[in-house]
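What's in coords_39.txt: compact mmCIF, C-alpha atoms and all ligand atoms
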```
# COMPACT_ATOMS: atom_id res chain seq x y z
CA MET A 1 -17.09 -12.37 -39.73
CA ARG A 2 -16.68 -15.91 -38.53
CA TYR A 3 -13.58 -16.24 -40.68
CA GLU A 4 -12.10 -13.17 -39.04
CA PHE A 5 -12.76 -14.57 -35.58
CA LEU A 6 -11.07 -17.80 -36.52
CA LEU A 7 -8.06 -15.94 -37.79
CA LEU A 8 -7.97 -13.90 -34.63
CA ILE A 9 -7.97 -16.97 -32.44
CA LEU A 10 -5.31 -18.65 -34.55
CA LEU A 11 -3.15 -15.56 -34.49
CA THR A 12 -3.55 -15.16 -30.76
CA LEU A 13 -2.44 -18.75 -30.30
CA PHE A 14 0.49 -18.28 -32.62
CA SER A 15 1.54 -15.00 -31.09
CA GLN A 16 2.13 -16.70 -27.77
CA GLY A 17 5.05 -18.55 -29.27
CA ILE A 18 6.08 -16.34 -32.14
CA HIS A 19 6.97 -12.74 -31.59
CA ALA A 20 8.16 -11.96 -35.09
CA GLN A 21 6.05 -10.97 -38.10
CA ILE A 22 4.07 -8.55 -35.97
CA SER A 23 2.86 -6.40 -38.82
CA ALA A 24 0.94 -9.19 -40.56
CA GLU A 25 -0.64 -10.19 -37.28
CA GLN A 26 -1.46 -6.62 -36.41
CA ALA A 27 -3.45 -6.23 -39.58
CA HIS A 28 -5.72 -9.05 -38.50
CA THR A 29 -6.02 -8.05 -34.88
CA CYS A 30 -7.62 -4.86 -36.13
CA ALA A 31 -10.19 -6.72 -38.23
CA PHE A 32 -13.07 -5.47 -36.09
CA LEU A 33 -12.48 -2.00 -37.58
CA GLU A 34 -12.35 -3.12 -41.18
CA GLU A 35 -15.97 -2.65 -42.27
CA TRP A 36 -16.13 0.82 -40.73
CA ARG A 37 -12.81 1.80 -42.27
CA ASN A 38 -13.78 0.57 -45.73
CA LEU A 39 -16.99 2.57 -45.63
CA LYS A 40 -15.24 5.67 -44.35
CA ALA A 41 -12.75 5.39 -47.17
CA ILE A 42 -15.32 5.73 -49.95
CA PRO A 43 -14.35 8.99 -51.64
CA LEU A 44 -16.88 11.77 -51.47
CA SER A 45 -16.49 12.32 -55.21
CA GLU A 46 -17.89 8.83 -55.79
CA LEU A 47 -21.00 9.69 -53.77
CA ALA A 48 -21.32 13.14 -55.29
CA ALA A 49 -21.32 11.61 -58.75
CA GLN A 50 -24.48 9.67 -57.98
CA GLU A 51 -27.84 10.85 -59.28
CA ASN A 52 -29.33 11.78 -55.94
CA ARG A 53 -26.25 13.21 -54.35
CA THR A 54 -27.78 14.42 -51.07
CA GLU A 55 -29.50 11.12 -50.42
CA ALA A 56 -26.39 9.18 -51.32
CA ILE A 57 -24.29 11.15 -48.84
CA ALA A 58 -26.93 10.89 -46.11
CA ASN A 59 -27.17 7.12 -46.64
CA TRP A 60 -23.43 6.78 -46.57
CA GLN A 61 -23.21 8.73 -43.32
CA GLN A 62 -25.82 6.46 -41.77
CA GLN A 63 -23.97 3.38 -42.92
CA VAL A 64 -20.67 4.66 -41.55
CA PHE A 65 -22.32 5.36 -38.20
CA ALA A 66 -23.97 1.93 -38.10
CA ALA A 67 -20.67 0.25 -39.01
CA LYS A 68 -18.89 2.15 -36.25
CA THR A 69 -21.52 1.02 -33.74
CA ARG A 70 -21.13 -2.57 -34.93
CA ALA A 71 -17.34 -2.29 -34.59
CA ALA A 72 -17.72 -0.89 -31.09
CA ASN A 73 -20.08 -3.72 -30.14
CA GLN A 74 -17.67 -6.22 -31.62
CA SER A 75 -14.76 -4.74 -29.73
CA PHE A 76 -16.74 -5.06 -26.50
CA GLU A 77 -17.56 -8.70 -27.20
CA LEU A 78 -13.98 -9.50 -28.18
CA TYR A 79 -12.66 -7.71 -25.11
CA MET A 80 -15.04 -9.37 -22.65
CA SER A 81 -14.32 -12.81 -24.04
CA GLY A 82 -10.59 -12.17 -23.78
CA ARG A 83 -10.11 -12.21 -27.55
CA LEU A 84 -9.36 -8.56 -28.15
CA PRO A 85 -5.62 -8.56 -28.67
CA THR A 86 -3.53 -6.70 -26.12
CA LYS A 87 -3.34 -2.97 -26.79
CA ALA A 88 -5.66 -3.29 -29.76
CA PHE A 89 -7.01 0.22 -29.23
CA THR A 90 -3.53 1.68 -29.06
CA ASN A 91 -2.25 -0.25 -32.04
CA CYS A 92 -5.27 -0.28 -34.31
CA LEU A 93 -6.63 3.25 -34.28
CA SER A 94 -4.54 5.17 -36.71
CA ASP A 95 -4.68 8.84 -35.78
CA GLU A 96 -6.15 11.12 -33.12
CA LYS A 97 -9.28 11.82 -35.16
CA GLU A 98 -10.03 8.15 -35.71
CA LYS A 99 -9.17 7.40 -32.11
CA SER A 100 -11.52 9.97 -30.59
CA ASP A 101 -14.27 9.10 -33.06
CA PHE A 102 -14.13 5.41 -32.28
CA MET A 103 -13.48 5.73 -28.55
CA GLU A 104 -16.57 7.88 -28.15
CA ALA A 105 -18.75 5.24 -29.78
CA ALA A 106 -17.01 2.47 -27.86
CA ALA A 107 -17.43 4.29 -24.54
CA ASP A 108 -21.17 4.40 -25.08
CA ILE A 109 -21.33 0.71 -25.89
CA PHE A 110 -18.98 -0.32 -23.06
CA PHE A 111 -20.95 1.71 -20.53
CA ASN A 112 -24.41 0.52 -21.48
CA ARG A 113 -23.54 -3.10 -22.07
CA SER A 114 -21.54 -3.32 -18.86
CA LEU A 115 -24.44 -1.85 -16.91
CA LYS A 116 -26.76 -4.34 -18.60
CA ILE A 117 -24.50 -7.25 -17.59
CA LEU A 118 -24.65 -6.12 -13.96
CA GLU A 119 -28.44 -5.64 -14.12
CA THR A 120 -29.08 -9.05 -15.60
CA SER A 121 -26.59 -10.90 -13.39
CA ASN A 122 -27.29 -13.09 -10.38
CA VAL A 123 -25.29 -10.84 -8.10
CA LYS A 124 -27.78 -8.95 -5.99
CA SER A 125 -25.46 -6.15 -4.88
CA ALA A 126 -24.35 -5.54 -8.49
CA ILE A 127 -27.97 -5.43 -9.66
CA LEU A 128 -28.85 -2.88 -6.99
CA LEU A 129 -25.80 -0.76 -7.76
CA ALA A 130 -26.69 -0.73 -11.48
CA LYS A 131 -30.32 0.13 -10.69
CA ASN A 132 -29.24 3.06 -8.55
CA VAL A 133 -27.00 4.27 -11.35
CA ARG A 134 -29.91 4.11 -13.83
CA LYS A 135 -32.13 5.94 -11.33
CA LYS A 136 -29.55 8.66 -10.86
CA ILE A 137 -29.06 9.09 -14.59
CA SER A 138 -32.80 9.20 -15.28
CA SER A 139 -33.26 11.84 -12.60
CA GLY A 140 -30.98 14.09 -14.60
CA SER A 141 -27.53 13.38 -13.17
CA LEU A 142 -24.92 13.38 -15.84
CA VAL A 143 -22.11 10.94 -16.12
CA THR A 144 -19.71 10.87 -18.98
CA PHE A 145 -17.81 7.72 -19.63
CA LYS A 146 -14.54 7.77 -21.43
CA ILE A 147 -12.36 4.93 -22.43
CA SER A 148 -8.83 5.42 -23.48
CA SER A 149 -5.77 3.39 -24.18
CA HIS A 150 -3.99 5.04 -21.25
CA LEU A 151 -5.07 7.41 -18.54
CA GLY A 152 -2.48 10.11 -18.85
CA SER A 153 -2.39 12.68 -16.09
CA LEU A 154 -5.58 11.89 -14.28
CA GLY A 155 -4.06 12.51 -10.91
CA PRO A 156 -4.04 10.12 -7.99
CA SER A 157 -5.49 6.79 -8.82
CA SER A 158 -7.87 4.87 -6.66
CA THR A 159 -6.89 1.55 -8.15
CA PRO A 160 -5.04 -1.01 -6.07
CA ASN A 161 -1.83 -0.39 -7.92
CA PRO A 162 -1.41 3.39 -8.27
CA ALA A 163 1.66 2.86 -10.44
CA VAL A 164 -0.64 1.59 -13.18
CA PRO A 165 -3.78 3.72 -13.14
CA THR A 166 -6.43 1.76 -14.93
CA ALA A 167 -9.60 3.64 -14.14
CA GLY A 168 -10.73 6.77 -12.37
CA TYR A 169 -13.60 9.07 -11.59
CA HIS A 170 -13.22 12.81 -12.01
CA ARG A 171 -15.51 14.29 -9.41
CA GLU A 172 -15.85 17.77 -10.83
CA ARG A 173 -16.39 16.63 -14.39
CA HIS A 174 -18.56 13.64 -13.39
CA SER A 175 -16.52 11.53 -15.73
CA ILE A 176 -15.55 7.91 -15.42
CA TYR A 177 -12.33 7.02 -17.18
CA ALA A 178 -11.27 3.51 -17.97
CA SER A 179 -8.20 2.36 -19.68
CA ILE A 180 -9.21 -0.68 -21.70
CA ASP A 181 -5.73 -1.57 -22.84
CA LEU A 182 -4.61 -1.89 -19.23
CA ILE A 183 -7.55 -3.61 -17.58
CA PRO A 184 -7.66 -7.39 -17.99
CA PRO A 185 -11.15 -8.44 -19.15
CA ASN A 186 -11.79 -10.45 -16.00
CA GLU A 187 -11.25 -7.27 -13.96
CA TRP A 188 -13.34 -4.99 -16.13
CA LEU A 189 -16.67 -5.26 -14.36
CA ILE A 190 -15.29 -4.82 -10.85
CA ASN A 191 -13.33 -1.76 -11.97
CA PHE A 192 -16.54 -0.50 -13.52
CA CYS A 193 -18.48 -1.09 -10.26
CA HIS A 194 -15.82 0.82 -8.32
CA GLU A 195 -16.12 3.89 -10.54
CA LEU A 196 -19.92 3.67 -10.50
CA ALA A 197 -19.72 3.74 -6.71
CA HIS A 198 -17.79 7.02 -6.93
CA PHE A 199 -20.46 8.36 -9.28
CA LEU A 200 -23.21 7.46 -6.79
CA ASP A 201 -21.19 9.07 -4.01
CA GLY A 202 -21.07 12.34 -5.97
CA GLU A 203 -23.61 14.28 -3.89
CA ARG A 204 -21.86 13.51 -0.66
CA PHE A 205 -18.63 14.69 -2.20
CA ALA A 206 -20.24 17.90 -3.49
CA TYR A 207 -21.74 18.58 -0.06
CA ALA A 208 -18.41 18.00 1.69
CA ASN A 209 -16.66 20.16 -0.86
CA ALA A 210 -19.06 23.03 -0.27
CA ILE A 211 -18.51 22.93 3.51
CA TYR A 212 -14.77 22.47 3.22
CA ASN A 213 -14.36 25.34 0.76
CA GLU A 214 -16.38 27.88 2.71
CA GLU A 215 -13.97 30.73 3.20
CA LYS A 216 -15.82 32.12 6.23
CA THR A 217 -15.27 28.85 8.06
CA HIS A 218 -11.57 28.74 7.19
CA HIS A 219 -11.07 32.28 8.48
CA HIS A 220 -13.09 31.61 11.61
CA PHE A 221 -11.00 28.61 12.63
CA LEU A 222 -7.74 30.20 11.60
CA ARG A 223 -8.58 33.06 13.98
CA LEU A 224 -9.36 30.55 16.73
CA ALA A 225 -6.15 28.67 15.97
CA ALA A 226 -4.22 31.78 16.95
CA GLN A 227 -5.69 31.56 20.46
CA PHE A 228 -6.39 27.88 21.05
CA SER A 229 -4.41 24.73 20.45
CA ASP A 230 -6.83 22.13 21.82
CA PRO A 231 -10.16 21.64 20.02
CA GLU A 232 -11.74 20.51 23.26
CA THR A 233 -11.33 24.01 24.71
CA LEU A 234 -13.57 25.51 21.99
CA THR A 235 -17.24 26.27 22.68
CA SER A 236 -19.51 23.34 21.92
CA ALA A 237 -20.98 25.18 18.90
CA ASP A 238 -17.47 25.71 17.53
CA GLN A 239 -16.54 22.13 18.27
CA THR A 240 -19.51 20.83 16.28
CA ARG A 241 -18.73 23.17 13.40
CA PHE A 242 -15.06 22.20 13.47
CA ASP A 243 -15.96 18.48 13.49
CA ASP A 244 -18.20 19.05 10.45
CA PHE A 245 -15.46 20.93 8.69
CA MET A 246 -12.84 18.25 9.35
CA MET A 247 -15.26 15.47 8.49
CA SER A 248 -15.83 17.19 5.13
CA ALA A 249 -12.10 17.23 4.57
CA LEU A 250 -12.03 13.47 5.19
CA ASP A 251 -15.15 12.91 3.09
CA ARG A 252 -13.33 14.37 0.12
CA GLY A 253 -10.42 12.02 0.64
CA VAL A 254 -10.07 8.86 2.65
CA LEU A 255 -13.80 8.46 3.36
CA GLY A 256 -14.81 8.84 -0.28
CA GLU A 257 -12.36 6.13 -1.19
CA TYR A 258 -13.38 4.04 1.79
CA ARG A 259 -17.03 4.02 0.70
CA ALA A 260 -16.17 3.15 -2.91
CA TRP A 261 -13.89 0.32 -1.79
CA ALA A 262 -16.32 -1.06 0.78
CA VAL A 263 -18.90 -1.25 -2.02
CA THR A 264 -16.39 -2.75 -4.46
CA LEU A 265 -15.28 -5.48 -2.07
CA LEU A 266 -18.84 -6.34 -1.05
CA ILE A 267 -19.80 -6.76 -4.71
CA TYR A 268 -16.55 -8.58 -5.50
CA LYS A 269 -17.16 -11.13 -2.78
CA GLU A 270 -20.69 -11.82 -3.95
CA GLY A 271 -19.73 -11.94 -7.62
CA VAL A 272 -16.59 -14.05 -7.53
CA ILE A 273 -16.73 -17.44 -9.23
CA ARG A 274 -14.90 -20.00 -7.12
CA ASN A 275 -16.66 -23.17 -8.16
CA THR A 276 -18.11 -24.31 -11.45
CA SER A 277 -21.56 -24.05 -9.88
CA ASP A 278 -21.10 -20.34 -9.02
CA ARG A 279 -22.99 -17.94 -11.28
CA GLY A 280 -20.93 -14.85 -10.64
CA LEU A 281 -19.32 -12.11 -12.68
CA TRP A 282 -15.58 -12.66 -12.38
CA HIS A 283 -12.97 -15.24 -11.52
CA PRO A 284 -10.70 -14.55 -8.52
CA ILE A 285 -8.61 -11.40 -9.00
CA SER A 286 -5.23 -11.30 -7.28
CA TRP A 287 -5.40 -7.74 -5.92
CA ALA A 288 -8.86 -8.32 -4.47
CA GLU A 289 -7.77 -11.63 -2.98
CA ASP A 290 -4.85 -9.75 -1.39
CA TRP A 291 -7.32 -7.50 0.45
CA PHE A 292 -9.33 -10.45 1.70
CA ALA A 293 -6.20 -12.35 2.75
CA GLN A 294 -5.68 -9.58 5.30
CA GLN A 295 -9.21 -9.70 6.71
CA ARG A 296 -9.13 -10.38 10.43
CA PRO A 297 -11.53 -12.76 12.13
CA GLY A 298 -14.78 -10.92 12.82
CA GLU A 299 -13.75 -7.92 10.75
CA SER A 300 -16.43 -6.66 8.38
CA ILE A 301 -15.70 -5.72 4.77
CA PRO A 302 -16.18 -1.98 5.46
CA GLN A 303 -13.81 -2.23 8.44
CA LEU A 304 -11.29 -4.06 6.30
CA SER A 305 -11.57 -1.38 3.60
CA MET A 306 -10.90 1.38 6.10
CA ARG A 307 -7.97 -0.36 7.74
CA TYR A 308 -6.43 -1.13 4.36
CA LEU A 309 -6.83 2.39 2.93
CA ASP A 310 -6.09 4.45 6.01
CA PRO A 311 -2.26 4.37 5.89
CA SER A 312 -2.16 5.46 2.24
CA PHE A 313 -3.95 8.72 3.06
CA THR A 314 -1.30 10.85 4.67
CA ASP A 315 -2.10 14.06 6.51
CA PRO A 316 -1.68 17.31 4.57
CA ASP A 317 1.87 18.55 4.37
CA PRO A 318 2.06 21.75 6.47
CA ASN A 319 4.60 23.08 3.98
CA ASP A 320 2.01 22.89 1.23
CA PRO A 321 0.78 26.47 0.69
CA ASP A 322 -2.74 25.09 0.08
CA ALA A 323 -2.78 23.49 3.50
CA GLU A 324 -1.22 26.22 5.59
CA GLU A 325 -3.89 25.96 8.30
CA PHE A 326 -2.44 22.54 9.12
CA GLN A 327 0.66 24.31 10.39
CA THR A 328 -1.45 25.26 13.43
CA GLU A 329 -1.73 22.95 16.38
CA LEU A 330 -5.50 23.37 16.56
CA PHE A 331 -6.00 22.01 13.03
CA GLN A 332 -3.47 19.24 13.49
CA ARG A 333 -5.06 18.03 16.71
CA GLU A 334 -8.58 18.20 15.30
CA LEU A 335 -7.47 16.21 12.28
CA HIS A 336 -5.98 13.52 14.50
CA ILE A 337 -9.10 13.38 16.66
CA MET A 338 -11.34 12.97 13.62
CA ARG A 339 -9.11 10.41 11.92
CA ASP A 340 -9.06 8.37 15.11
CA ARG A 341 -12.80 8.65 15.33
CA VAL A 342 -13.38 7.28 11.84
CA ARG A 343 -10.87 4.50 12.47
CA THR A 344 -12.54 3.32 15.62
CA GLN A 345 -16.18 4.37 15.32
CA LEU A 346 -17.07 3.60 11.76
CA ALA A 347 -20.69 2.77 12.52
CA PRO A 348 -22.42 5.85 11.01
CA LEU A 349 -20.29 5.49 7.90
CA TYR A 350 -21.53 2.00 7.36
CA ASP A 351 -24.61 3.48 5.80
CA LEU A 352 -24.13 2.33 2.23
CA SER A 353 -27.79 2.75 1.31
CA ILE A 354 -27.11 5.07 -1.60
CA PHE A 355 -25.29 2.21 -3.30
CA PHE A 356 -27.44 -0.84 -2.55
ZN ZN B 401 -11.65 4.97 -6.10
```
Here is the file; what I need is its structure written in the form of structure tokens.
Amino acid sequence: MRYEFLLLILLTLFSQGIHAQISAEQAHTCAFLEEWRNLKAIPLSELAAQENRTEAIANWQQQVFAAKTRAANQSFELYMSGRLPTKAFTNCLSDEKEKSDFMEAAADIFFNRSLKILETSNVKSAILLAKNVRKKISSGSLVTFKISSHLGSLGPSSTPNPAVPTAGYHRERHSIYASIDLIPPNEWLINFCHELAHFLDGERFAYANAIYNEEKTHHHFLRLAAQFSDPETLTSADQTRFDDFMMSALDRGVLGEYRAWAVTLLIYKEGVIRNTSDRGLWHPISWAEDWFAQQRPGESIPQLSMRYLDPSFTDPDPNDPDAEEFQTELFQRELHIMRDRVRTQLAPLYDLSIFF
């Protein structure tokens, strides 16, 4: 194994200057898969020919599984230390079957080892986040974690650069997706924290979704919208109900992202290594530094998160058939009132106790 590592390092060094002879290099960059592949390749006829055929096959299956786990662990270690060659998962896994087989094992290893790193770190907010994730999982909440070489059509990305989606959380499927080939190792753990924050925020999202999708409520306010254009002219019971409804709409969108980013930036700030004496989790990351460069004097991290995210969440398009109620003045005005309220009176939303 040590020999393979050495080769890997040498090849990585070489590849910075030499772009030719890719195929020979590629063979070595995939060395972490070799043991598993060799074991998989043993023909069944060879095993079947052995005296105790059933035992031989069972043993072989166990060995293949153990080798796959070792390969997955090795890929995690190589990746985290910056030695897994770029796009190794894309380039090394040969077909869809091998890809899904290995990625499933790797996802398990990446999830658990990443959580362990957070738990055993010196970064208090990361430790608490990881503990809350463990608590939620042990109380029966499911999270599936998938790593892939690209994210495909996951929908809108919550990453700082939506043009390159690197990770995501699918709220209905309770799945975290991460695209290893696209996330630089130094950014892995903070991406991971961000998606874990979405996972922890799941109940609030489900609650908001239930209120927002209640058909009775939609019909009720659509009827009112035919008679009223100003939410302040509604009865106080209707006003409260309308506020709840619109707040749920925001909770599913801008506020869900706001909470996840407030958590991410709080953890980032505590975990960033700026000096050799810092015992953090990552070195400065340009996109995170960009957020902080815009922080105003006296502005808190949650306030910064909201101000930064707010413009990227545009109001529903009234021409969208799924948002036809926003063609009415009543809905439009209520939306503006509530958006203004969350911009200026964030205080109740500062409650980040489910995360830390
Ligand atoms: Zn997000």
Note to self: I want to know what sits within 6 Å of Ala178 (chain A), based on all atoms listed in the file, with residues of the same chain fewer than 4 positions away left out; could you give that as an MDAnalysis selection string?
What the structure shows: chainID A and resid 147 166:167
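For the set A:His283, A:Lys131, A:Arg296, A:His198, the residue with the smallest atom-to-atom gap to Leu115 (chain A) is A:Lys131, counting only C-alpha atoms.
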Mind dumping a table of every chain A residue within 12 Å of ligand ZN 401 (chain B), with the nearest atom pair and its distance in Å to one decimal, using all atoms listed in the file, sorted by chain and rising number, as a tab-separated table?
```
residue	atom	partner	partner_atom	distance
A:Gly155	CA	B:ZN401	ZN	11.7
A:Pro156	CA	B:ZN401	ZN	9.4
A:Ser157	CA	B:ZN401	ZN	7.0
A:Ser158	CA	B:ZN401	ZN	3.8
A:Thr159	CA	B:ZN401	ZN	6.2
A:Pro160	CA	B:ZN401	ZN	8.9
A:Asn161	CA	B:ZN401	ZN	11.3
A:Pro162	CA	B:ZN401	ZN	10.6
A:Pro165	CA	B:ZN401	ZN	10.6
A:Thr166	CA	B:ZN401	ZN	10.7
A:Ala167	CA	B:ZN401	ZN	8.4
A:Gly168	CA	B:ZN401	ZN	6.6
A:Tyr169	CA	B:ZN401	ZN	7.1
A:His170	CA	B:ZN401	ZN	9.9
A:Arg171	CA	B:ZN401	ZN	10.6
A:Ile176	CA	B:ZN401	ZN	10.5
A:Tyr177	CA	B:ZN401	ZN	11.3
A:Ala178	CA	B:ZN401	ZN	12.0
A:Ile190	CA	B:ZN401	ZN	11.5
A:Asn191	CA	B:ZN401	ZN	9.1
A:Phe192	CA	B:ZN401	ZN	10.4
A:Cys193	CA	B:ZN401	ZN	10.0
A:His194	CA	B:ZN401	ZN	6.3
A:Glu195	CA	B:ZN401	ZN	6.4
A:Leu196	CA	B:ZN401	ZN	9.5
A:Ala197	CA	B:ZN401	ZN	8.2
A:His198	CA	B:ZN401	ZN	6.5
A:Phe199	CA	B:ZN401	ZN	10.0
A:Leu200	CA	B:ZN401	ZN	11.8
A:Asp201	CA	B:ZN401	ZN	10.6
A:Gly202	CA	B:ZN401	ZN	12.0
A:Arg252	CA	B:ZN401	ZN	11.4
A:Gly253	CA	B:ZN401	ZN	9.8
A:Val254	CA	B:ZN401	ZN	9.7
A:Leu255	CA	B:ZN401	ZN	10.3
A:Gly256	CA	B:ZN401	ZN	7.7
A:Glu257	CA	B:ZN401	ZN	5.1
A:Tyr258	CA	B:ZN401	ZN	8.1
A:Arg259	CA	B:ZN401	ZN	8.7
A:Ala260	CA	B:ZN401	ZN	5.8
A:Trp261	CA	B:ZN401	ZN	6.7
A:Ala262	CA	B:ZN401	ZN	10.3
A:Val263	CA	B:ZN401	ZN	10.4
A:Thr264	CA	B:ZN401	ZN	9.2
A:Leu265	CA	B:ZN401	ZN	11.8
A:Ser305	CA	B:ZN401	ZN	11.6
A:Leu309	CA	B:ZN401	ZN	10.6
```
Next item on the list: Tell me which of A:Gln345, A:Ala126, A:Asp351, A:Arg241 sits closest to Val272 (chain A), counting all atoms listed in the file.
Entry: A:Ala126
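In this comparison, which uses only C-alpha atoms, the residue of A:Glu46, A:Glu34, A:Glu334, A:Arg83 approaching Arg70 (chain A) most closely is A:Glu34.
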Next item on the list: Give the answer as one residue: which of A:Trp60, A:Tyr268, A:Phe331, A:Tyr207 has the shortest atom-to-atom distance to Phe242 (chain A), using only C-alpha atoms?
Entry: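 Of the candidates, the smallest distance to Phe242 (chain A) is held by A:Phe331.
You will find CA of Glu119 (chain A) at 12.6 Å from CA of Phe356 (chain A).
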